[in-house]
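Structure file work.txt with compact mmCIF, C-alpha atoms:
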```
# COMPACT_ATOMS: atom_id res chain seq x y z
CA MET A 1 0.00 0.00 0.00
CA ILE A 2 1.37 3.42 -0.99
CA LYS A 3 1.67 5.83 1.91
CA LEU A 4 1.16 9.57 1.63
CA LYS A 5 4.66 10.19 3.01
CA ASP A 6 6.05 8.28 0.01
CA ILE A 7 4.17 10.63 -2.31
CA ASP A 8 5.54 13.61 -0.38
CA VAL A 9 9.07 12.38 -1.06
CA LEU A 10 8.36 12.24 -4.78
CA ILE A 11 6.80 15.71 -4.75
CA GLU A 12 9.84 17.15 -2.96
CA ALA A 13 12.14 15.54 -5.53
CA LEU A 14 10.24 16.83 -8.59
CA PRO A 15 11.76 20.36 -8.75
CA TYR A 16 15.26 18.88 -8.57
CA ILE A 17 14.51 16.26 -11.21
CA LYS A 18 13.36 19.10 -13.49
CA LYS A 19 16.26 21.38 -12.59
CA PHE A 20 18.97 18.79 -13.18
CA HIS A 21 17.42 17.04 -16.18
CA ASN A 22 20.11 16.38 -18.80
CA LYS A 23 22.78 17.87 -16.51
CA LYS A 24 26.12 16.19 -15.88
CA ILE A 25 26.77 15.05 -12.31
CA LEU A 26 30.36 14.03 -11.49
CA ILE A 27 30.51 11.64 -8.54
CA LYS A 28 33.83 10.93 -6.85
CA TYR A 29 33.61 7.49 -5.21
CA GLY A 30 35.74 7.08 -2.11
CA GLY A 31 35.85 5.74 1.42
CA HIS A 32 33.08 3.49 2.74
CA ALA A 33 31.10 3.67 -0.50
CA MET A 34 33.90 1.72 -2.19
CA VAL A 35 34.77 -0.95 0.38
CA ASP A 36 31.56 -2.02 2.14
CA GLU A 37 29.58 -4.44 -0.04
CA ASP A 38 26.16 -3.07 0.91
CA ALA A 39 27.33 0.52 0.43
CA LYS A 40 28.87 -0.33 -2.96
CA SER A 41 25.62 -1.84 -4.17
CA SER A 42 23.48 0.98 -2.75
CA THR A 43 25.68 3.72 -4.22
CA ALA A 44 25.69 2.04 -7.64
CA ARG A 45 21.91 1.70 -7.57
CA ASP A 46 21.48 5.35 -6.62
CA THR A 47 23.83 6.39 -9.43
CA VAL A 48 21.77 4.40 -11.93
CA LEU A 49 18.61 6.04 -10.58
CA LEU A 50 20.12 9.47 -11.37
CA LYS A 51 20.58 8.31 -14.95
CA TYR A 52 17.03 6.99 -15.30
CA VAL A 53 15.46 10.23 -14.06
CA GLY A 54 17.28 12.11 -16.79
CA MET A 55 20.68 13.13 -15.42
CA LYS A 56 24.11 12.23 -16.82
CA PRO A 57 26.25 10.76 -14.03
CA LEU A 58 29.98 10.08 -14.33
CA ILE A 59 32.21 8.43 -11.73
CA VAL A 60 35.84 9.00 -10.76
CA HIS A 61 37.15 6.63 -8.10
CA GLY A 62 40.14 6.40 -5.81
CA GLY A 63 41.67 3.32 -4.26
CA GLY A 64 44.52 4.17 -1.88
CA PRO A 65 43.80 1.52 0.80
CA GLU A 66 43.33 -1.23 -1.82
CA ILE A 67 46.62 -0.22 -3.48
CA SER A 68 48.44 -0.48 -0.15
CA ARG A 69 46.90 -3.91 0.54
CA SER A 70 47.91 -5.19 -2.89
CA MET A 71 51.45 -3.87 -2.45
CA ASP A 72 51.71 -5.70 0.88
CA LYS A 73 50.54 -8.94 -0.75
CA LEU A 74 53.13 -8.54 -3.49
CA GLY A 75 55.90 -7.79 -1.01
CA LYS A 76 56.30 -4.18 -2.12
CA GLU A 77 56.66 -1.66 0.67
CA SER A 78 54.44 1.41 0.45
CA LYS A 79 56.48 4.58 0.87
CA PHE A 80 54.94 7.90 1.90
CA ILE A 81 56.48 11.33 2.39
CA LYS A 82 54.39 13.79 4.42
CA GLY A 83 51.39 11.54 3.82
CA LEU A 84 51.89 11.48 0.04
CA ARG A 85 52.54 8.20 -1.82
CA VAL A 86 55.89 7.90 -3.58
CA THR A 87 55.34 6.24 -6.97
CA ASP A 88 58.20 4.41 -8.66
CA GLU A 89 57.72 2.31 -11.82
CA GLU A 90 56.88 -0.88 -9.94
CA THR A 91 54.39 0.94 -7.73
CA MET A 92 52.81 2.52 -10.81
CA GLU A 93 52.26 -0.94 -12.31
CA ILE A 94 50.49 -2.05 -9.13
CA ILE A 95 48.41 1.15 -9.06
CA GLU A 96 47.20 0.54 -12.62
CA MET A 97 46.49 -3.11 -11.85
CA VAL A 98 44.36 -2.17 -8.84
CA LEU A 99 42.60 0.96 -10.13
CA VAL A 100 42.01 -0.04 -13.74
CA GLY A 101 41.96 -3.83 -13.55
CA LYS A 102 40.10 -4.33 -10.28
CA ILE A 103 38.27 -1.37 -8.74
CA SER A 104 36.98 0.19 -11.95
CA THR A 105 35.64 -3.08 -13.32
CA GLU A 106 33.99 -3.89 -9.97
CA ILE A 107 32.15 -0.56 -10.02
CA VAL A 108 31.06 -1.18 -13.63
CA SER A 109 29.77 -4.63 -12.63
CA GLU A 110 27.69 -3.11 -9.80
CA LEU A 111 26.21 -0.51 -12.15
CA ILE A 112 25.35 -3.16 -14.76
CA LYS A 113 23.76 -5.30 -12.04
CA HIS A 114 21.31 -2.43 -11.51
CA ASP A 115 20.66 -2.08 -15.27
CA GLY A 116 22.99 0.85 -15.87
CA ASP A 117 25.11 0.77 -19.02
CA ALA A 118 28.62 1.60 -17.84
CA ILE A 119 32.14 1.60 -19.24
CA SER A 120 35.51 1.49 -17.51
CA LEU A 121 38.06 4.08 -18.61
CA SER A 122 41.50 5.09 -17.42
CA GLY A 123 43.00 8.48 -18.12
CA LYS A 124 45.21 6.76 -20.71
CA ASP A 125 42.30 5.64 -22.91
CA SER A 126 42.22 7.85 -26.00
CA SER A 127 44.40 10.32 -24.03
CA LEU A 128 41.47 11.02 -21.73
CA ILE A 129 43.67 12.76 -19.15
CA TYR A 130 46.91 14.34 -20.33
CA ALA A 131 49.24 15.07 -17.45
CA HIS A 132 52.81 16.00 -16.64
CA LYS A 133 55.07 14.73 -13.86
CA LYS A 134 54.80 16.84 -10.74
CA GLU A 135 58.01 18.72 -10.03
CA ALA A 136 59.92 18.17 -6.81
CA SER A 137 58.69 20.67 -4.23
CA LYS A 138 59.56 21.86 -0.76
CA ILE A 139 57.39 20.50 2.05
CA ASP A 140 58.32 21.63 5.57
CA ASP A 141 61.82 22.64 4.40
CA GLU A 142 62.35 19.23 2.74
CA ILE A 143 62.66 18.80 -1.03
CA VAL A 144 60.22 16.05 -1.98
CA ASP A 145 60.06 14.18 -5.30
CA LEU A 146 57.10 11.81 -5.38
CA GLY A 147 58.19 10.06 -8.57
CA LEU A 148 55.52 9.18 -11.16
CA VAL A 149 52.87 11.48 -9.70
CA GLY A 150 51.13 13.72 -12.20
CA GLU A 151 49.28 16.99 -12.51
CA VAL A 152 46.46 17.29 -15.04
CA ASP A 153 47.06 19.36 -18.18
CA CYS A 154 43.87 18.70 -20.13
CA VAL A 155 40.90 16.34 -20.39
CA ASN A 156 39.49 14.81 -23.59
CA SER A 157 35.92 15.91 -22.90
CA ASP A 158 34.75 14.86 -26.40
CA LEU A 159 35.34 11.21 -25.48
CA LEU A 160 33.22 11.54 -22.34
CA GLU A 161 30.48 13.42 -24.21
CA MET A 162 30.32 10.57 -26.73
CA PHE A 163 29.68 8.00 -24.00
CA LEU A 164 27.20 10.23 -22.17
CA ASP A 165 25.27 10.93 -25.36
CA ASN A 166 24.97 7.17 -25.85
CA ASN A 167 23.62 6.65 -22.32
CA TYR A 168 26.74 5.16 -20.76
CA ILE A 169 28.00 5.92 -17.27
CA PRO A 170 31.79 6.45 -17.57
CA VAL A 171 33.80 5.04 -14.66
CA ILE A 172 37.20 6.71 -14.66
CA SER A 173 40.42 5.60 -12.96
CA PRO A 174 42.76 8.48 -11.97
CA VAL A 175 45.71 7.42 -14.11
CA GLY A 176 47.08 10.04 -16.50
CA ILE A 177 49.23 9.77 -19.60
CA SER A 178 52.26 11.93 -20.25
CA GLU A 179 53.61 13.23 -23.57
CA SER A 180 56.03 10.31 -23.63
CA GLY A 181 53.19 7.83 -23.14
CA SER A 182 54.14 6.87 -19.58
CA SER A 183 51.56 6.43 -16.83
CA LEU A 184 51.19 8.93 -14.01
CA ASN A 185 49.44 8.50 -10.67
CA LEU A 186 46.83 11.24 -10.13
CA ASN A 187 45.08 12.42 -6.99
CA ALA A 188 41.50 11.18 -7.43
CA ASP A 189 39.85 14.29 -5.95
CA THR A 190 41.91 16.57 -8.18
CA ALA A 191 41.19 14.43 -11.26
CA ALA A 192 37.47 14.53 -10.45
CA GLY A 193 37.57 18.33 -10.19
CA GLU A 194 39.42 18.71 -13.49
CA ILE A 195 37.03 16.37 -15.31
CA ALA A 196 33.97 18.09 -13.82
CA SER A 197 35.31 21.44 -15.05
CA ALA A 198 36.19 20.13 -18.52
CA ILE A 199 32.71 18.70 -19.19
CA GLY A 200 30.80 21.60 -17.63
CA ALA A 201 29.28 19.52 -14.84
CA GLU A 202 26.36 20.93 -12.89
CA LYS A 203 27.61 19.27 -9.70
CA LEU A 204 30.72 17.63 -8.30
CA ILE A 205 29.82 15.28 -5.44
CA ILE A 206 32.63 13.85 -3.31
CA LEU A 207 31.72 10.78 -1.24
CA THR A 208 33.78 10.58 1.98
CA ASP A 209 33.70 8.98 5.42
CA VAL A 210 32.78 12.19 7.24
CA PRO A 211 29.46 14.10 7.36
CA GLY A 212 31.00 17.13 5.63
CA VAL A 213 32.71 20.19 7.12
CA LEU A 214 32.13 20.34 10.88
CA ARG A 215 32.60 23.41 13.07
CA ASN A 216 33.52 21.01 15.86
CA PRO A 217 35.13 17.78 14.64
CA ASP A 218 33.84 15.96 17.73
CA ASP A 219 30.24 17.03 17.13
CA PRO A 220 28.52 15.58 14.04
CA ASN A 221 25.64 17.98 14.68
CA SER A 222 27.92 20.96 13.94
CA LEU A 223 27.77 20.34 10.18
CA ILE A 224 28.12 23.46 8.05
CA LYS A 225 25.47 23.03 5.36
CA LYS A 226 26.69 25.69 2.93
CA ILE A 227 30.04 27.41 2.38
CA SER A 228 30.60 30.12 -0.21
CA THR A 229 33.97 30.17 -1.94
CA ASP A 230 34.61 33.58 -0.30
CA GLU A 231 34.43 31.97 3.16
CA VAL A 232 36.95 29.19 2.54
CA ALA A 233 40.15 31.10 3.34
CA ASP A 234 38.80 32.27 6.71
CA LEU A 235 37.59 28.79 7.64
CA ILE A 236 41.05 27.37 6.86
CA GLU A 237 42.68 30.17 8.88
CA GLU A 238 40.37 29.39 11.83
CA GLY A 239 41.26 25.69 11.61
CA ILE A 240 37.66 24.66 10.91
CA ILE A 241 38.74 23.31 7.52
CA SER A 242 41.90 21.35 8.26
CA GLY A 243 43.93 18.23 7.45
CA GLY A 244 42.68 16.09 4.59
CA MET A 245 39.61 18.28 4.15
CA ILE A 246 41.74 21.19 2.86
CA PRO A 247 42.68 19.62 -0.52
CA LYS A 248 39.09 18.45 -1.04
CA ILE A 249 37.75 21.95 -0.44
CA GLU A 250 40.47 23.49 -2.61
CA THR A 251 39.51 21.07 -5.41
CA CYS A 252 35.89 22.20 -5.03
CA VAL A 253 36.80 25.90 -5.12
CA GLU A 254 38.92 25.45 -8.25
CA ALA A 255 36.17 23.47 -9.97
CA ILE A 256 33.64 26.20 -9.19
CA GLU A 257 36.00 28.88 -10.47
CA LYS A 258 36.19 26.89 -13.72
CA GLY A 259 32.42 26.71 -14.15
CA VAL A 260 31.03 23.85 -12.04
CA LYS A 261 27.83 25.18 -10.45
CA SER A 262 28.21 23.58 -7.00
CA CYS A 263 30.28 21.00 -5.15
CA HIS A 264 29.15 18.71 -2.35
CA ILE A 265 31.08 16.78 0.27
CA ILE A 266 28.84 14.07 1.70
CA ASP A 267 28.99 11.00 3.93
CA GLY A 268 29.07 7.87 1.78
CA ARG A 269 28.50 5.74 4.89
CA LYS A 270 24.89 6.91 5.08
CA LYS A 271 22.42 4.99 2.96
CA HIS A 272 21.14 6.94 -0.06
CA SER A 273 23.29 9.97 0.84
CA LEU A 274 23.71 10.68 -2.88
CA LEU A 275 19.95 10.89 -3.44
CA LEU A 276 19.36 12.89 -0.26
CA GLU A 277 21.91 15.48 -1.38
CA VAL A 278 20.54 15.82 -4.91
CA PHE A 279 16.79 15.51 -4.36
CA THR A 280 16.03 17.17 -1.03
CA THR A 281 15.93 20.79 0.09
CA ASP A 282 18.11 20.30 3.18
CA GLY A 283 20.62 17.92 1.63
CA ILE A 284 22.89 15.79 3.80
CA GLY A 285 26.43 17.20 3.54
CA THR A 286 28.29 20.43 2.90
CA MET A 287 27.65 22.36 -0.31
CA ILE A 288 30.33 24.69 -1.69
CA TYR A 289 29.03 27.40 -4.01
CA LYS A 290 29.85 30.82 -5.42
CA GLU A 291 27.86 33.86 -4.29
```

Rewritten as structure tokens:
Amino acid sequence: MIKLKDIDVLIEALPYIKKFHNKKILIKYGGHAMVDEDAKSSTARDTVLLKYVGMKPLIVHGGGPEISRSMDKLGKESKFIKGLRVTDEETMEIIEMVLVGKISTEIVSELIKHDGDAISLSGKDSSLIYAHKKEASKIDDEIVDLGLVGEVDCVNSDLLEMFLDNNYIPVISPVGISESGSSLNLNADTAAGEIASAIGAEKLIILTDVPGVLRNPDDPNSLIKKISTDEVADLIEEGIISGGMIPKIETCVEAIEKGVKSCHIIDGRKKHSLLLEVFTTDGIGTMIYKE
């Protein structure tokens, strides 16, 4: 029996279905949404739902923990400097094996299971993501060279448009290709921001294992629902945006400056968080926008 509250949910969603019809939504998969089986299935189903109500979702995924586990199994020690992974040639081979050969295809399988046509792509396919090797830089008075770590130069948006126009959901691994044809390890958040900008995405949604930006990190009820790009510098200065949240927010700000309408940092541990953020007035995480 249909309940009136179910109808109310549909009515609340209608304006957003209309507003975002035919719009591109870039979803960055990460954290719990990638490792917990129930969360993986739920997130894939919700992504397919976005497609069937008329949106054009794309996925960029990370895979740091899985890379580290695979390196351990293969007897390769993971090396980090200031929290950043050092990538030599052998590590790069493992990264490609995990991101492109395992994680990406698993996500595609989940999407197909829920009747979503999906295709796995790496940044090397048809030069999807051109990148250059990141130069050695000074971190805390130490010169750091991370090896085969790249920075994005340009994105082949025509390739993505072709798949979107043919009703596919692209699933993209953050591996770039250099001018010489070598592979480069890319930060998944940064790659997602660059791709969202290149295709003119309406939204960039980053799935994490935190509720969003909290005024008090020990109080989940202190969630900041909306942050304008003008407020970001002050929030970093005050220490409210700190640690690993800083690069995510900076990615969002840069994407907005390049034309993405809004960015969202949401908790992928919560069931249907993707739908709650897109289809409800209150949302569930933190939205970054430009005044």

Output as a Markdown table one row per residue of segment 226-270 of chain A within 12 Å of segment 41-61 of chain A: the closest atom pair and its distance in Å to one decimal place, counting all atoms listed in the file, sorted by chain and residue number ascending.
```
| residue | atom | partner | partner_atom | distance |
| --- | --- | --- | --- | --- |
| A:Asp267 | CA | A:Thr43 | CA | 11.4 |
| A:Gly268 | CA | A:Thr43 | CA | 8.0 |
| A:Arg269 | CA | A:Thr43 | CA | 9.7 |
| A:Lys270 | CA | A:Thr43 | CA | 9.9 |
```

Report as a list in words all protein, DNA and RNA residues lying within 9 Å of Glu66 of chain A, evaluated on only C-alpha atoms, omitting residues in the same chain fewer than 6 positions from it. Val35, Val98, Leu99 and Ile103 of chain A

Which residues, written as an MDAnalysis selection string, have at least one atom at most 10 Å from segment 138-155 of chain A, with all atoms listed in the file counted and residues fewer than 5 positions away on the same chain left out? chainID A and resid 79:82 84:89 91:92 123 127:133 160 174:178 182:187 190:191 194:199

Interatomic distance, atom CA of Gly244 of chain A to atom CA of Gly193 of chain A (Å, one decimal): 15.8 Å

Between atom CA of Asp234 of chain A and atom CA of Asp218 of chain A, distance in Å (one decimal):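 Going from atom CA of Asp234 of chain A over to atom CA of Asp218 of chain A, I get 20.3 Å.
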
Among A:Val108, A:Leu276, A:Leu204, A:Ile246, Pro170 of chain A is approached most closely, using only C-alpha atoms, by A:Val108

Between atom CA of Ile95 of chain A and atom CA of Ser120 of chain A, distance in Å (one decimal):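 So the answer is 15.4 Å.
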
As lines of an AutoDock Vina configuration file, what would the box around segment 6-20 of chain A look like: edges along x, y and z, 4 Å added on every side, centre and edge lengths in Å to one decimal?
```
center_x = 11.6
center_y = 14.8
center_z = -6.7
size_x = 22.8
size_y = 21.1
size_z = 21.5
```
